>>> print(open('start39.csv').read())   # CSV, C-alpha atoms and all ligand atoms
chain,number,residue,atom,x,y,z
A,161,MET,CA,-127.1,8.7,-63.3
A,162,HIS,CA,-124.0,7.5,-65.0
A,163,ILE,CA,-122.1,4.5,-63.5
A,164,HIS,CA,-118.4,4.3,-64.4
A,165,ARG,CA,-116.8,0.8,-64.4
A,166,ASN,CA,-113.3,0.3,-63.2
A,167,GLU,CA,-112.8,3.9,-62.2
A,168,PRO,CA,-109.2,4.9,-61.3
A,169,LEU,CA,-109.2,6.5,-57.8
A,170,ALA,CA,-105.8,8.3,-57.7
A,171,LEU,CA,-107.5,11.7,-58.0
A,172,PHE,CA,-110.1,10.8,-55.4
A,173,ASN,CA,-107.8,10.3,-52.4
A,174,THR,CA,-105.4,12.7,-50.8
A,175,LEU,CA,-102.7,10.0,-50.5
A,176,ARG,CA,-102.9,9.8,-54.3
A,177,LEU,CA,-102.8,6.0,-54.2
A,178,ASN,CA,-103.7,4.1,-57.3
A,179,ALA,CA,-106.6,1.6,-57.2
A,180,LYS,CA,-109.8,1.1,-59.0
A,181,ALA,CA,-113.4,1.1,-57.9
A,182,ALA,CA,-115.5,-1.7,-59.6
A,183,ALA,CA,-118.2,1.0,-60.1
A,184,PHE,CA,-118.3,4.7,-59.4
A,185,THR,CA,-120.9,7.5,-59.6
A,186,ALA,CA,-121.4,11.0,-58.2
A,187,ILE,CA,-124.5,11.7,-56.1
A,188,THR,CA,-126.0,15.1,-56.3
A,189,SER,CA,-129.6,14.4,-55.4
A,190,ALA,CA,-131.8,12.1,-53.2
A,191,GLN,CA,-133.2,10.6,-56.3
A,192,GLN,CA,-129.8,9.7,-57.6
A,193,LEU,CA,-128.9,8.1,-54.3
A,194,GLN,CA,-132.1,6.0,-54.5
A,195,ALA,CA,-131.3,5.0,-58.1
A,196,ALA,CA,-127.7,4.1,-57.1
A,197,TRP,CA,-129.0,2.0,-54.2
A,198,ARG,CA,-131.4,0.1,-56.4
A,199,TRP,CA,-128.6,-0.5,-59.0
A,200,SER,CA,-126.2,-1.8,-56.2
A,201,GLN,CA,-129.0,-4.2,-55.1
A,202,GLU,CA,-129.5,-5.5,-58.6
A,203,GLN,CA,-125.7,-5.9,-59.2
A,204,ALA,CA,-125.2,-7.3,-55.6
A,205,LEU,CA,-122.3,-4.8,-55.2
A,206,PRO,CA,-121.9,-3.2,-51.8
A,207,ILE,CA,-122.0,0.6,-51.6
A,208,LEU,CA,-119.1,2.6,-50.4
A,209,PRO,CA,-119.6,6.3,-49.7
A,210,LEU,CA,-116.7,8.6,-50.5
A,211,GLY,CA,-116.2,12.3,-49.5
A,212,GLU,CA,-112.9,13.9,-50.5
A,213,GLY,CA,-110.8,10.8,-49.8
A,214,SER,CA,-108.8,12.5,-47.0
A,215,ASN,CA,-109.1,9.7,-44.5
A,216,ILE,CA,-108.7,6.5,-46.6
A,217,VAL,CA,-105.9,4.3,-47.6
A,218,LEU,CA,-106.4,2.3,-50.8
A,219,ALA,CA,-104.5,-0.9,-50.4
A,220,GLY,CA,-106.0,-2.4,-53.5
A,221,ASP,CA,-109.0,-2.3,-55.8
A,222,VAL,CA,-112.3,-1.8,-54.2
A,223,GLU,CA,-115.1,-4.2,-55.1
A,224,ALA,CA,-118.0,-1.8,-54.5
A,225,LEU,CA,-120.1,0.9,-56.0
A,226,MET,CA,-118.4,4.0,-54.8
A,227,LEU,CA,-120.7,7.0,-54.3
A,228,LYS,CA,-118.9,10.3,-54.5
A,229,MET,CA,-121.1,12.3,-52.2
A,230,GLU,CA,-121.8,15.7,-53.7
A,231,LEU,CA,-125.2,16.6,-52.1
A,232,GLN,CA,-125.1,20.4,-51.6
A,233,GLY,CA,-127.1,22.9,-49.5
A,234,VAL,CA,-127.4,24.5,-46.1
A,235,HIS,CA,-130.9,25.3,-44.6
A,236,LEU,CA,-131.8,27.2,-41.5
A,237,LEU,CA,-134.2,25.0,-39.5
A,238,LYS,CA,-134.6,27.1,-36.3
A,239,SER,CA,-133.4,30.4,-34.9
A,240,ASN,CA,-133.7,32.3,-31.7
A,241,ASP,CA,-131.6,35.1,-30.0
A,242,HIS,CA,-129.0,32.7,-28.8
A,243,GLN,CA,-128.7,29.8,-31.3
A,244,VAL,CA,-129.4,28.6,-34.8
A,245,GLU,CA,-130.1,25.1,-36.0
A,246,LEU,CA,-128.8,24.2,-39.5
A,247,ARG,CA,-129.2,21.3,-41.8
A,248,VAL,CA,-126.1,20.8,-43.9
A,249,GLN,CA,-126.0,18.3,-46.8
A,250,ALA,CA,-123.3,15.7,-46.9
A,251,GLY,CA,-121.3,16.8,-49.9
A,252,GLU,CA,-120.6,20.3,-48.7
A,253,ASN,CA,-116.9,21.0,-48.1
A,254,TRP,CA,-116.3,21.1,-44.4
A,255,HIS,CA,-113.9,24.1,-44.2
A,256,ALA,CA,-116.0,26.2,-46.6
A,257,PHE,CA,-119.0,25.5,-44.4
A,258,VAL,CA,-117.2,26.5,-41.3
A,259,ASP,CA,-116.0,29.8,-43.0
A,260,TRP,CA,-119.6,30.4,-44.2
A,261,SER,CA,-121.1,29.8,-40.7
A,262,LEU,CA,-118.8,32.4,-39.2
A,263,GLN,CA,-119.7,34.9,-42.0
A,264,GLN,CA,-123.3,34.5,-40.9
A,265,GLY,CA,-122.3,35.2,-37.3
A,266,TYR,CA,-122.8,31.5,-36.2
A,267,CYS,CA,-120.0,30.4,-33.8
A,268,GLY,CA,-118.7,27.2,-32.5
A,269,LEU,CA,-116.9,25.4,-35.3
A,270,GLU,CA,-113.9,27.8,-35.6
A,271,ASN,CA,-111.5,25.4,-33.9
A,272,LEU,CA,-112.3,22.9,-36.6
A,273,ALA,CA,-111.2,25.1,-39.5
A,274,LEU,CA,-109.2,23.7,-42.3
A,275,ILE,CA,-109.9,20.0,-41.6
A,276,PRO,CA,-110.1,18.5,-45.1
A,277,GLY,CA,-113.1,16.6,-46.3
A,278,THR,CA,-116.9,16.7,-46.5
A,279,VAL,CA,-119.6,17.5,-44.0
A,280,GLY,CA,-121.0,13.9,-44.4
A,281,ALA,CA,-117.7,12.3,-43.3
A,282,ALA,CA,-117.3,14.6,-40.3
A,283,PRO,CA,-119.5,12.5,-37.9
A,284,VAL,CA,-117.8,9.2,-39.0
A,285,GLN,CA,-114.7,9.8,-36.9
A,286,ASN,CA,-116.2,12.7,-34.9
A,287,ILE,CA,-113.6,15.1,-36.3
A,288,GLY,CA,-111.8,17.1,-33.7
A,289,ALA,CA,-109.0,19.6,-33.4
A,290,TYR,CA,-107.7,22.3,-31.0
A,291,GLY,CA,-109.8,21.2,-28.1
A,292,VAL,CA,-113.2,20.8,-29.9
A,293,GLU,CA,-115.1,17.9,-31.5
A,294,ILE,CA,-118.0,18.1,-33.9
A,295,ALA,CA,-120.1,16.0,-31.5
A,296,GLU,CA,-120.5,19.0,-29.3
A,297,TYR,CA,-122.5,20.8,-31.9
A,298,LEU,CA,-124.3,17.9,-33.6
A,299,ARG,CA,-128.0,17.3,-33.0
A,300,ARG,CA,-128.9,14.7,-35.6
A,301,VAL,CA,-127.4,12.6,-38.4
A,302,HIS,CA,-129.6,11.7,-41.4
A,303,VAL,CA,-128.7,8.5,-43.2
A,304,LEU,CA,-129.9,6.1,-45.9
A,305,GLU,CA,-129.9,2.5,-44.5
A,306,LEU,CA,-128.2,0.3,-46.9
A,307,HIS,CA,-130.0,-3.0,-46.0
A,308,SER,CA,-133.4,-1.4,-46.6
A,309,GLY,CA,-132.9,1.6,-48.8
A,310,VAL,CA,-134.9,3.6,-46.1
A,311,ALA,CA,-134.0,7.0,-44.8
A,312,ARG,CA,-133.5,7.3,-41.0
A,313,THR,CA,-132.5,9.9,-38.5
A,314,LEU,CA,-130.2,9.3,-35.6
A,315,GLN,CA,-130.2,11.6,-32.6
A,316,ALA,CA,-126.6,12.7,-31.5
A,317,HIS,CA,-126.9,10.7,-28.3
A,318,GLU,CA,-127.4,7.5,-30.5
A,319,CYS,CA,-124.2,8.0,-32.4
A,320,ALA,CA,-121.8,6.8,-29.7
A,321,PHE,CA,-119.3,9.6,-30.3
A,322,GLY,CA,-115.9,9.2,-28.8
A,323,TYR,CA,-112.3,10.3,-29.6
A,324,ARG,CA,-112.1,9.9,-33.4
A,325,ASP,CA,-114.9,7.4,-33.0
A,326,SER,CA,-118.6,6.9,-33.5
A,327,ILE,CA,-121.3,4.3,-34.3
A,328,PHE,CA,-120.4,4.8,-38.0
A,329,LYS,CA,-117.1,3.1,-37.3
A,330,ALA,CA,-118.8,0.3,-35.3
A,331,GLU,CA,-122.3,-1.1,-35.5
A,332,LEU,CA,-123.2,1.1,-38.5
A,333,ARG,CA,-119.9,0.7,-40.3
A,334,ASP,CA,-120.7,0.1,-44.0
A,335,ARG,CA,-124.4,0.0,-43.2
A,336,VAL,CA,-125.4,3.6,-43.9
A,337,VAL,CA,-124.8,6.6,-46.2
A,338,ILE,CA,-124.9,9.9,-44.3
A,339,THR,CA,-127.0,12.3,-46.3
A,340,ALA,CA,-127.1,15.4,-44.0
A,341,ILE,CA,-126.4,16.6,-40.5
A,342,ASP,CA,-128.2,19.0,-38.2
A,343,LEU,CA,-126.0,21.3,-36.1
A,344,VAL,CA,-126.8,23.8,-33.4
A,345,LEU,CA,-124.5,26.9,-33.4
A,346,ASN,CA,-124.3,29.9,-31.1
A,347,ARG,CA,-125.1,33.5,-32.1
A,348,HIS,CA,-122.8,34.8,-29.4
A,349,ALA,CA,-119.1,33.8,-29.5
A,350,CYS,CA,-117.5,32.0,-26.6
A,351,PRO,CA,-114.0,31.3,-28.1
A,352,ARG,CA,-112.3,28.1,-26.9
A,353,VAL,CA,-108.6,29.0,-26.7
A,354,GLU,CA,-107.4,26.7,-23.9
A,355,TYR,CA,-105.6,24.3,-26.3
A,356,PRO,CA,-101.8,24.8,-25.9
A,357,ALA,CA,-101.1,26.0,-29.4
A,358,LEU,CA,-103.9,28.6,-29.1
A,359,VAL,CA,-102.8,29.7,-25.7
A,360,GLU,CA,-99.4,30.4,-27.2
A,361,TYR,CA,-100.9,32.1,-30.3
A,362,PHE,CA,-103.0,34.5,-28.2
A,363,ALA,CA,-100.4,35.0,-25.4
A,364,GLY,CA,-100.8,38.5,-24.0
A,365,GLN,CA,-104.2,39.1,-25.5
A,366,GLU,CA,-107.3,39.7,-23.3
A,367,ALA,CA,-109.5,36.6,-23.6
A,368,GLY,CA,-112.7,38.7,-23.8
A,369,ARG,CA,-111.5,40.5,-26.9
A,370,ILE,CA,-110.8,37.4,-29.0
A,371,ARG,CA,-113.5,36.9,-31.6
A,372,ALA,CA,-114.6,33.6,-33.2
A,373,ARG,CA,-113.1,34.8,-36.5
A,374,ASP,CA,-109.7,35.4,-34.7
A,375,VAL,CA,-109.8,31.8,-33.6
A,376,PHE,CA,-110.6,30.6,-37.1
A,377,ASP,CA,-107.7,32.6,-38.5
A,378,ALA,CA,-105.4,31.4,-35.8
A,379,VAL,CA,-106.3,27.7,-36.4
A,380,VAL,CA,-105.8,28.2,-40.2
A,381,ARG,CA,-102.3,29.8,-39.6
A,382,ILE,CA,-101.2,27.2,-37.1
A,383,ARG,CA,-102.4,24.3,-39.3
A,384,GLN,CA,-100.7,25.8,-42.4
A,385,SER,CA,-97.5,26.2,-40.6
A,386,LYS,CA,-97.5,22.7,-39.1
A,387,LEU,CA,-99.3,20.3,-41.4
A,388,PRO,CA,-98.2,19.3,-45.0
A,389,ASP,CA,-100.8,20.4,-47.6
A,390,PRO,CA,-102.0,17.2,-49.2
A,391,ALA,CA,-102.2,18.9,-52.6
A,392,VAL,CA,-98.4,19.3,-52.4
A,393,THR,CA,-97.4,16.3,-50.2
A,394,PRO,CA,-99.9,13.5,-50.5
A,395,ASN,CA,-101.0,12.4,-47.0
A,396,ALA,CA,-104.1,11.5,-44.9
A,397,GLY,CA,-103.4,13.7,-41.8
A,398,SER,CA,-102.6,11.8,-38.6
A,399,PHE,CA,-102.0,8.2,-39.6
A,400,PHE,CA,-102.3,6.9,-36.0
A,401,LYS,CA,-104.7,7.7,-33.2
A,402,ASN,CA,-103.3,9.0,-29.9
A,403,PRO,CA,-103.5,6.0,-27.5
A,404,VAL,CA,-105.9,6.5,-24.6
A,405,VAL,CA,-104.9,4.6,-21.4
A,406,SER,CA,-105.7,4.5,-17.7
A,407,PRO,CA,-104.0,7.1,-15.4
A,408,SER,CA,-102.0,4.2,-13.7
A,409,ALA,CA,-100.7,3.0,-17.1
A,410,ALA,CA,-99.8,6.6,-18.1
A,411,ASP,CA,-97.9,7.1,-14.7
A,412,ALA,CA,-96.0,3.9,-15.3
A,413,LEU,CA,-94.9,5.0,-18.8
A,414,GLN,CA,-94.0,8.5,-17.5
A,415,GLN,CA,-91.7,6.9,-14.9
A,416,GLN,CA,-89.7,5.3,-17.7
A,417,HIS,CA,-90.1,8.3,-20.1
A,418,PRO,CA,-90.5,11.5,-18.1
A,419,ALA,CA,-90.7,13.6,-21.3
A,420,LEU,CA,-93.7,11.6,-22.8
A,421,PRO,CA,-96.6,14.1,-23.2
A,422,VAL,CA,-99.7,12.9,-21.3
A,423,TYR,CA,-103.1,14.7,-21.6
A,424,ALA,CA,-105.7,14.1,-18.9
A,425,GLN,CA,-109.1,13.6,-20.4
A,426,PRO,CA,-112.5,14.8,-19.0
A,427,ASP,CA,-113.5,11.1,-18.3
A,428,GLY,CA,-110.4,10.5,-16.2
A,429,SER,CA,-108.4,8.6,-18.9
A,430,CYS,CA,-105.1,9.8,-20.3
A,431,LYS,CA,-104.2,10.5,-23.9
A,432,LEU,CA,-100.6,9.8,-24.9
A,433,SER,CA,-98.8,11.5,-27.8
A,434,ALA,CA,-98.3,8.9,-30.5
A,435,ALA,CA,-96.1,11.4,-32.4
A,436,TRP,CA,-93.7,11.6,-29.5
A,437,MET,CA,-93.4,7.8,-29.2
A,438,ILE,CA,-92.9,7.4,-33.0
A,439,GLU,CA,-90.2,10.1,-32.9
A,440,PHE,CA,-88.6,8.4,-29.9
A,441,CYS,CA,-88.3,5.2,-31.9
A,442,GLY,CA,-86.4,7.1,-34.6
A,443,TRP,CA,-89.0,7.1,-37.4
A,444,LYS,CA,-89.4,10.8,-38.0
A,445,GLY,CA,-88.3,11.7,-41.5
A,446,ARG,CA,-87.5,8.1,-42.5
A,447,GLN,CA,-88.3,7.1,-46.1
A,448,THR,CA,-88.6,3.6,-47.6
A,449,ASP,CA,-90.2,2.2,-50.8
A,450,GLY,CA,-91.6,5.5,-51.9
A,451,VAL,CA,-93.3,6.3,-48.6
A,452,ALA,CA,-92.1,8.3,-45.6
A,453,VAL,CA,-92.7,9.6,-42.1
A,454,HIS,CA,-93.0,13.4,-42.5
A,455,LYS,CA,-89.8,15.2,-41.5
A,456,ASP,CA,-91.6,17.7,-39.2
A,457,HIS,CA,-94.6,15.6,-38.1
A,458,ALA,CA,-94.0,12.0,-36.9
A,459,LEU,CA,-97.8,11.2,-37.0
A,460,VAL,CA,-98.1,12.0,-40.7
A,461,LEU,CA,-97.1,9.4,-43.2
A,462,VAL,CA,-96.7,10.7,-46.8
A,463,ASN,CA,-96.7,9.1,-50.2
A,464,ALA,CA,-93.4,10.1,-51.7
A,465,GLY,CA,-94.0,8.4,-55.1
A,466,SER,CA,-95.5,5.0,-54.3
A,467,ASP,CA,-98.5,3.7,-56.4
A,468,SER,CA,-100.0,1.3,-53.9
A,469,GLY,CA,-101.1,1.5,-50.3
A,470,LYS,CA,-99.1,-1.7,-49.4
A,471,ALA,CA,-95.8,0.1,-48.9
A,472,LEU,CA,-97.6,2.6,-46.7
A,473,LEU,CA,-99.2,-0.1,-44.6
A,474,ASP,CA,-95.9,-2.0,-44.3
A,475,LEU,CA,-94.3,1.2,-43.0
A,476,ALA,CA,-97.2,1.7,-40.5
A,477,GLN,CA,-96.8,-1.8,-39.3
A,478,ALA,CA,-93.1,-1.4,-38.8
A,479,ILE,CA,-93.7,1.8,-36.8
A,480,ALA,CA,-96.4,0.2,-34.7
A,481,ALA,CA,-94.2,-2.9,-34.0
A,482,ASP,CA,-91.4,-0.6,-32.7
A,483,VAL,CA,-93.8,1.4,-30.5
A,484,ALA,CA,-95.3,-1.8,-29.1
A,485,SER,CA,-91.9,-3.2,-28.2
A,486,GLN,CA,-90.7,0.1,-26.7
A,487,PHE,CA,-93.8,1.2,-24.9
A,488,ASP,CA,-96.1,-1.8,-24.8
A,489,ILE,CA,-98.7,0.3,-26.6
A,490,ALA,CA,-100.7,-0.9,-29.6
A,491,LEU,CA,-101.0,2.0,-32.1
A,492,GLN,CA,-104.3,2.1,-34.1
A,493,ILE,CA,-104.4,3.4,-37.6
A,494,GLU,CA,-106.8,6.3,-38.0
A,495,PRO,CA,-107.8,6.3,-41.7
A,496,ARG,CA,-110.0,3.5,-43.1
A,497,VAL,CA,-108.1,1.0,-45.2
A,498,TYR,CA,-109.9,-0.4,-48.3
A,499,GLY,CA,-108.9,-3.1,-50.8
A,500,ALA,CA,-107.2,-6.4,-50.2
A,501,ARG,CA,-103.7,-6.4,-49.0
A,601,LIG,C1,-103.9,17.2,-43.9
A,601,LIG,C2,-105.0,16.5,-43.1
A,601,LIG,C3,-105.3,17.0,-41.9
A,601,LIG,C4,-106.3,16.4,-41.1
A,601,LIG,N1,-106.6,16.9,-39.9
A,601,LIG,C5,-107.6,16.3,-39.2
A,601,LIG,C6,-108.0,16.8,-37.9
A,601,LIG,O1,-107.4,17.8,-37.4
A,601,LIG,N2,-109.0,16.2,-37.2
A,601,LIG,C7,-109.7,15.2,-37.7
A,601,LIG,O2,-110.6,14.7,-37.0
A,601,LIG,N3,-109.4,14.7,-38.9
A,601,LIG,C8,-108.4,15.2,-39.7
A,601,LIG,N4,-108.1,14.7,-40.9
A,601,LIG,C9,-108.8,13.5,-41.4
A,601,LIG,C10,-110.0,13.9,-42.4
A,601,LIG,O3,-109.9,15.3,-42.8
A,601,LIG,C11,-111.4,13.7,-41.8
A,601,LIG,O4,-111.5,12.4,-41.3
A,601,LIG,C12,-112.5,14.0,-42.7
A,601,LIG,O5,-113.7,14.0,-42.0
A,601,LIG,C13,-112.6,13.1,-43.9
A,601,LIG,O6,-113.5,13.6,-44.8
A,601,LIG,P1,-113.6,13.0,-46.3
A,601,LIG,O7,-114.8,13.7,-47.0
A,601,LIG,O8,-112.3,13.2,-47.0
A,601,LIG,O9,-113.8,11.5,-46.0
A,601,LIG,P2,-113.3,10.2,-46.9
A,601,LIG,O10,-111.8,10.1,-46.7
A,601,LIG,O11,-113.8,10.3,-48.3
A,601,LIG,O12,-114.0,9.1,-46.1
A,601,LIG,C14,-113.6,8.7,-44.8
A,601,LIG,C15,-114.5,7.6,-44.3
A,601,LIG,O13,-115.8,8.1,-44.1
A,601,LIG,C16,-116.8,7.4,-44.9
A,601,LIG,N5,-117.7,8.4,-45.4
A,601,LIG,C17,-117.4,9.5,-46.2
A,601,LIG,N6,-118.5,10.2,-46.5
A,601,LIG,C18,-119.5,9.5,-46.0
A,601,LIG,C19,-121.0,9.6,-46.0
A,601,LIG,N7,-121.6,10.6,-46.5
A,601,LIG,N8,-121.7,8.7,-45.3
A,601,LIG,C20,-121.1,7.6,-44.7
A,601,LIG,N9,-119.8,7.4,-44.7
A,601,LIG,C21,-119.0,8.3,-45.3
A,601,LIG,C22,-115.9,6.8,-46.0
A,601,LIG,O14,-116.6,5.6,-46.5
A,601,LIG,C23,-114.6,6.4,-45.3
A,601,LIG,O15,-114.8,5.2,-44.5
A,601,LIG,C24,-107.1,15.3,-41.7
A,601,LIG,C25,-106.7,14.8,-43.0
A,601,LIG,C26,-105.7,15.4,-43.7
A,601,LIG,C27,-105.4,14.9,-45.1
>>> encode(input="start39.csv", output="structure tokens")
Amino acid sequence: MHIHRNEPLALFNTLRLNAKAAAFTAITSAQQLQAAWRWSQEQALPILPLGEGSNIVLAGDVEALMLKMELQGVHLLKSNDHQVELRVQAGENWHAFVDWSLQQGYCGLENLALIPGTVGAAPVQNIGAYGVEIAEYLRRVHVLELHSGVARTLQAHECAFGYRDSIFKAELRDRVVITAIDLVLNRHACPRVEYPALVEYFAGQEAGRIRARDVFDAVVRIRQSKLPDPAVTPNAGSFFKNPVVSPSAADALQQQHPALPVYAQPDGSCKLSAAWMIEFCGWKGRQTDGVAVHKDHALVLVNAGSDSGKALLDLAQAIAADVASQFDIALQIEPRVYGAR
């Protein structure tokens, strides 16, 4: 195991922000993870797991041992006529794994195609897109506990999954490294195409003839046409969560703003479109201090040449202040912010 000191991180985050990690190493085996854990204990440096850096904002240097999670491998745990259970190591690329699962005839994850990042980061914010969340397919999450150095397994029901949320953003925040996840996938496709963009895409097609691979291809095409590619335009996807409010609060807002999109949730709450509110406040396409709100997507903030995360967070704060004064809604930042401001 080679530990790098003062490692520059610009190439390890999709916003291409410049900051340094006090210490940095890649983890490709359980033994390396144990050795890194012991080293962090000796040095009294906290551990910070890193996947592909697609959901972080570096606002300054990170006083931690950053572990670039590169554990690889997929194992079949169980199989019957209807389902398979797989163990997937944390460092696998999420999209490549989804593609592979469909090639094997395992269905369920197709709506989550093209989400950047690693398998290990996926449970952290319960990745979701096009009407599906990973929580629906997760059985277990395997972790290394950072206070003890002991491996532990959490059942899915212990993970407190919610909209872009989980126990890994709450009680277990900074307390575990996810090493692998167990998923249950279907052998028989039951495509989920009720999300508006997919309804539009498959308009006129008989639902029974749509295959899981068709949904995968559709999601890839829709995402490529809508979202900026971080390799070309540095970004971290949606910068704000869509606010979730009570039906009465949503009603009151819609009285004032009849065009505000409101999505009823299965638990009775209502999700509001943060993008619509940001656009209403006039932020879409605005650029300041080397950072900008994307011209086509008000929820995506882009790094247009800034070195530090400070300008980006200042922009986010200004947007949130405008939305708060216009709608009385507190926007929450979706990516995790690291480094002192
Ligand atoms: C263009 C774009 C589109 C996106 N679209 C979506 C979308 O549709 N839906 C969605 O949900 N998200 C989306 N995202 C956000 C992002 O893809 C996900 O959050 C993804 O899971 C992050 O993976 P990562 O490996 O890059 O994590 P990182 O950014 O490296 O890490 C994110 C957080 O997870 C922690 N973490 C990472 N790995 C581990 C581990 N092994 N154990 C413990 N903690 C860990 C990190 O410490 C950090 O706090 C998008 C991002 C981009 C750039």
>>> closest_residue(input="start39.csv", among="A:Gly442, A:Gly368, A:Gly213, A:Gly428", to="A:Val483", atoms="only C-alpha atoms")
A:Gly442
>>> residues_near_ligand(input="start39.csv", ligand="ligand LIG 601 (chain A)", cutoff="6 Å", atoms="only C-alpha atoms and all ligand atoms", output="PDB file with C-alpha atoms, in the frame of the given file")
ATOM      1  CA  LEU A 208    -119.100   2.600 -50.400  1.00  0.00           C
ATOM      2  CA  PRO A 209    -119.600   6.300 -49.700  1.00  0.00           C
ATOM      3  CA  LEU A 210    -116.700   8.600 -50.500  1.00  0.00           C
ATOM      4  CA  GLY A 211    -116.200  12.300 -49.500  1.00  0.00           C
ATOM      5  CA  GLU A 212    -112.900  13.900 -50.500  1.00  0.00           C
ATOM      6  CA  GLY A 213    -110.800  10.800 -49.800  1.00  0.00           C
ATOM      7  CA  SER A 214    -108.800  12.500 -47.000  1.00  0.00           C
ATOM      8  CA  ASN A 215    -109.100   9.700 -44.500  1.00  0.00           C
ATOM      9  CA  ILE A 216    -108.700   6.500 -46.600  1.00  0.00           C
ATOM     10  CA  MET A 229    -121.100  12.300 -52.200  1.00  0.00           C
ATOM     11  CA  ALA A 250    -123.300  15.700 -46.900  1.00  0.00           C
ATOM     12  CA  ILE A 275    -109.900  20.000 -41.600  1.00  0.00           C
ATOM     13  CA  PRO A 276    -110.100  18.500 -45.100  1.00  0.00           C
ATOM     14  CA  GLY A 277    -113.100  16.600 -46.300  1.00  0.00           C
ATOM     15  CA  THR A 278    -116.900  16.700 -46.500  1.00  0.00           C
ATOM     16  CA  GLY A 280    -121.000  13.900 -44.400  1.00  0.00           C
ATOM     17  CA  ALA A 281    -117.700  12.300 -43.300  1.00  0.00           C
ATOM     18  CA  ALA A 282    -117.300  14.600 -40.300  1.00  0.00           C
ATOM     19  CA  VAL A 284    -117.800   9.200 -39.000  1.00  0.00           C
ATOM     20  CA  ILE A 287    -113.600  15.100 -36.300  1.00  0.00           C
ATOM     21  CA  GLY A 288    -111.800  17.100 -33.700  1.00  0.00           C
ATOM     22  CA  ALA A 289    -109.000  19.600 -33.400  1.00  0.00           C
ATOM     23  CA  VAL A 336    -125.400   3.600 -43.900  1.00  0.00           C
ATOM     24  CA  VAL A 337    -124.800   6.600 -46.200  1.00  0.00           C
ATOM     25  CA  ILE A 338    -124.900   9.900 -44.300  1.00  0.00           C
ATOM     26  CA  THR A 339    -127.000  12.300 -46.300  1.00  0.00           C
ATOM     27  CA  ASP A 389    -100.800  20.400 -47.600  1.00  0.00           C
ATOM     28  CA  PRO A 390    -102.000  17.200 -49.200  1.00  0.00           C
ATOM     29  CA  ASN A 395    -101.000  12.400 -47.000  1.00  0.00           C
ATOM     30  CA  ALA A 396    -104.100  11.500 -44.900  1.00  0.00           C
ATOM     31  CA  GLY A 397    -103.400  13.700 -41.800  1.00  0.00           C
ATOM     32  CA  ARG A 496    -110.000   3.500 -43.100  1.00  0.00           C
TER      33      ARG A 496
END
>>> closest_residue(input="start39.csv", among="A:Asp342, A:Glu245, A:Glu360, A:Asp325", to="A:His302", atoms="only C-alpha atoms")
A:Asp342
>>> residues_around(input="start39.csv", residues="A:His457", least_positions_apart="6", cutoff="8 Å", atoms="all atoms listed in the file", output="PyMOL selection string")
chain A and resi 386-387+435+444
>>> closest_residue(input="start39.csv", among="A:Lys470, A:Arg333, A:Gln486, A:Tyr323", to="A:Lys431", atoms="all atoms listed in the file")
A:Tyr323
>>> residues_around(input="start39.csv", residues="stretch 309-313 of chain A", least_positions_apart="4", cutoff="9 Å", atoms="all atoms listed in the file", output="list in words")
Gln194, Trp197, Arg198, Arg300, Val301, His302, Val303, Leu304, Glu305 and Thr339 of chain A
>>> closest_residue(input="start39.csv", among="A:Val422, A:Val353, A:Val258, A:Ala186", to="A:Ala367", atoms="only C-alpha atoms")
A:Val353
>>> residues_near_point(input="start39.csv", point="(-120.8, 21.2, -48.6)", cutoff="7 Å", atoms="all atoms listed in the file", output="list in words")
Gln232, Gly233, Gln249, Ala250, Gly251, Glu252, Asn253, Trp254, Phe257, Thr278 and Val279 of chain A
>>> closest_residue(input="start39.csv", among="A:Lys401, A:Leu475, A:Ala412, A:Ala273", to="A:Gln384", atoms="all atoms listed in the file")
A:Ala273
>>> closest_residue(input="start39.csv", among="A:Leu177, A:Ala349, A:Ile207, A:Cys319", to="A:Arg371", atoms="all atoms listed in the file")
A:Ala349
>>> atom_distance(input="start39.csv", atom1="atom CA of A:Ile370", atom2="atom CA of A:Pro388")
27.2 Å
>>> residues_near_point(input="start39.csv", point="(-105.9, 28.9, -39.9)", cutoff="12 Å", atoms="only C-alpha atoms", output="ChimeraX atom specification")
/A:255,258-259,270-275,289-290,357-358,361,372-387
>>> atom_distance(input="start39.csv", atom1="atom CA of A:Leu472", atom2="atom CA of A:Phe321")
28.1 Å
>>> atom_distance(input="start39.csv", atom1="atom CA of A:Gly445", atom2="atom CA of A:Asp411")
28.8 Å
>>> residues_around(input="start39.csv", residues="A:His348", least_positions_apart="2", cutoff="8 Å", atoms="only C-alpha atoms", output="list in words")
His242, Gln243, Gly265, Tyr266, Cys267, Asn346 and Cys350 of chain A
>>> axis_aligned_box(input="start39.csv", around="stretch 359-376 of chain A", padding_each_side="6 Å", output="JSON")
{"center_x": -107.0, "center_y": 35.1, "center_z": -30.2, "size_x": 27.2, "size_y": 22.8, "size_z": 25.8}
>>> residues_around(input="start39.csv", residues="A:Thr185", least_positions_apart="6", cutoff="10 Å", atoms="only C-alpha atoms", output="PyMOL selection string")
chain A and resi 161-165+167+192-193+196+225-229
